[in-house]
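As structure tokens, the structure follows; a few thoughts come after it.
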Amino acid sequence: MREGRALGDAESDALGRAAIELTAAFLAEQADVTRLLPEETRRQTLARQIKAYVREHLGDGTLSPARIAAAHNISVRYLHNVFEDERQTVSEYVRTQRLERCRADLADPRLGRRGVAEIARRWGMPDAAAFSRAFRRAYGMPPGEYRRHLDRAR
């Protein structure tokens, strides 16, 4: 609301449509008539719910597409179908979120005494070597070097 004046027409229109869809989805769910919503709105709402679930369970190393699908009473195939519009697979989304949480923890000076492997395990990445490779691909340097770089910049 406070930033509304800074938005252009295209952004305002997109946010308005999103707000209407979210409101419709919320009201339909409350009235137990979600089946009456357009398919696109149902898929977008489900995608948001799935993403929230993933973010809440990132630390669980057993988080998998099968578990995510079961938690939402859908098939793994439909889960992948929902993510077709997201420009990344479910597994890529989970990995990206985990890496971002690890990156944030590595950048947090309050967590400076925690080891890199401990941080990776905290966010569901127990294999230190695989974590290091994924972190390097995502951020251009290994996690320990990333932390040292930030320490020197402070």
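Chain lettering (A, B, ...) mirrors the order of the structure tokens, residue numbering begins at 1 for each chain separately, and ligand numbering begins at 1 in order of display.
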Determine, for each residue of stretch 41-78 of chain A having at least one atom at most 7 Å from an atom of stretch 114-137 of chain A, the closest pair of atoms and their separation in Å to one decimal, counting only C-alpha atoms; order by chain and ascending number, as a tab-separated table.
residue	atom	partner	partner_atom	distance
A:Leu58	CA	A:Trp123	CA	5.5
A:Gly59	CA	A:Trp123	CA	4.0
A:Asp60	CA	A:Gly124	CA	5.2
A:Gly61	CA	A:Gly124	CA	4.2
Practice task
Show which residues sit within 12 Å of A:Ile68, as a PyMOL selection string. Count only C-alpha atoms, and ignore same-chain residues fewer than 4 positions away.
Solution key: chain A and resi 46-47+49-58+60+62-64+72-80+90-91+94
Handout entry: Sel. of helix (DSSP H, G or I) residues, stretch 24-148 of chain A, as a PyMOL selection string
Key = chain A and resi 24-30+34-36+39-56+65-71+76-86+90-107+109-111+116-122+128-139+143-148
Handout entry: atom CA of A:Ala104 to atom CA of A:His149, straight-line distance in Å
Key =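 Straight-line distance from atom CA of A:His149 to atom CA of A:Ala104 works out to 13.7 Å.
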Practice task
Excluding A:Arg154 and any residue of its chain fewer than 2 positions from it, enumerate the residues within 12 Å of it, using only C-alpha atoms, and give them as a PyMOL selection string.
Solution key: chain A and resi 107-109+147-152
Next, the residues of the selection above should be written as a short mmCIF file (atom, residue, chain, number, x, y, z; two decimals), in the first residue's frame with N, CA, C and O atoms.
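Ended up saving to part.cif:
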data_model
loop_
_atom_site.label_atom_id
_atom_site.label_comp_id
_atom_site.auth_asym_id
_atom_site.auth_seq_id
_atom_site.Cartn_x
_atom_site.Cartn_y
_atom_site.Cartn_z
N ALA A 107 26.43 -15.81 5.83
CA ALA A 107 26.64 -14.36 5.86
C ALA A 107 26.33 -13.75 7.22
O ALA A 107 26.71 -12.61 7.49
N ASP A 108 25.68 -14.50 8.08
CA ASP A 108 25.27 -13.99 9.39
C ASP A 108 26.44 -14.09 10.37
O ASP A 108 26.84 -15.19 10.76
N PRO A 109 26.98 -12.95 10.81
CA PRO A 109 28.12 -12.99 11.73
C PRO A 109 27.80 -13.69 13.06
O PRO A 109 28.69 -14.24 13.71
N ARG A 147 32.23 -17.20 2.97
CA ARG A 147 32.21 -16.69 4.34
C ARG A 147 33.45 -15.83 4.62
O ARG A 147 33.34 -14.76 5.20
N ARG A 148 34.63 -16.30 4.21
CA ARG A 148 35.86 -15.53 4.43
C ARG A 148 35.81 -14.20 3.69
O ARG A 148 36.24 -13.16 4.22
N HIS A 149 35.27 -14.21 2.48
CA HIS A 149 35.14 -12.98 1.69
C HIS A 149 34.27 -11.96 2.43
O HIS A 149 34.62 -10.77 2.51
N LEU A 150 33.18 -12.42 3.00
CA LEU A 150 32.30 -11.51 3.75
C LEU A 150 32.97 -11.02 5.03
O LEU A 150 32.83 -9.85 5.41
N ASP A 151 33.71 -11.90 5.70
CA ASP A 151 34.42 -11.50 6.93
C ASP A 151 35.43 -10.41 6.62
O ASP A 151 35.58 -9.45 7.40
N ARG A 152 36.15 -10.53 5.52
CA ARG A 152 37.15 -9.51 5.14
C ARG A 152 36.47 -8.18 4.79
O ARG A 152 37.01 -7.12 5.04
#
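Nearest residue to A:Gly144, choosing from A:Arg95, A:Arg110, A:Ala66, A:Arg103 and counting only C-alpha atoms: A:Arg103.
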Handout entry: Gap from atom CA of A:Arg101 to atom CA of A:Arg42 - Å, one decimal
Key = 28.3 Å
Problem - Atom pair atom CA of A:Tyr139 / atom CA of A:Val82: separation (Å) - result: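 Taking atom CA of A:Tyr139 and atom CA of A:Val82, their separation equals 27.5 Å.
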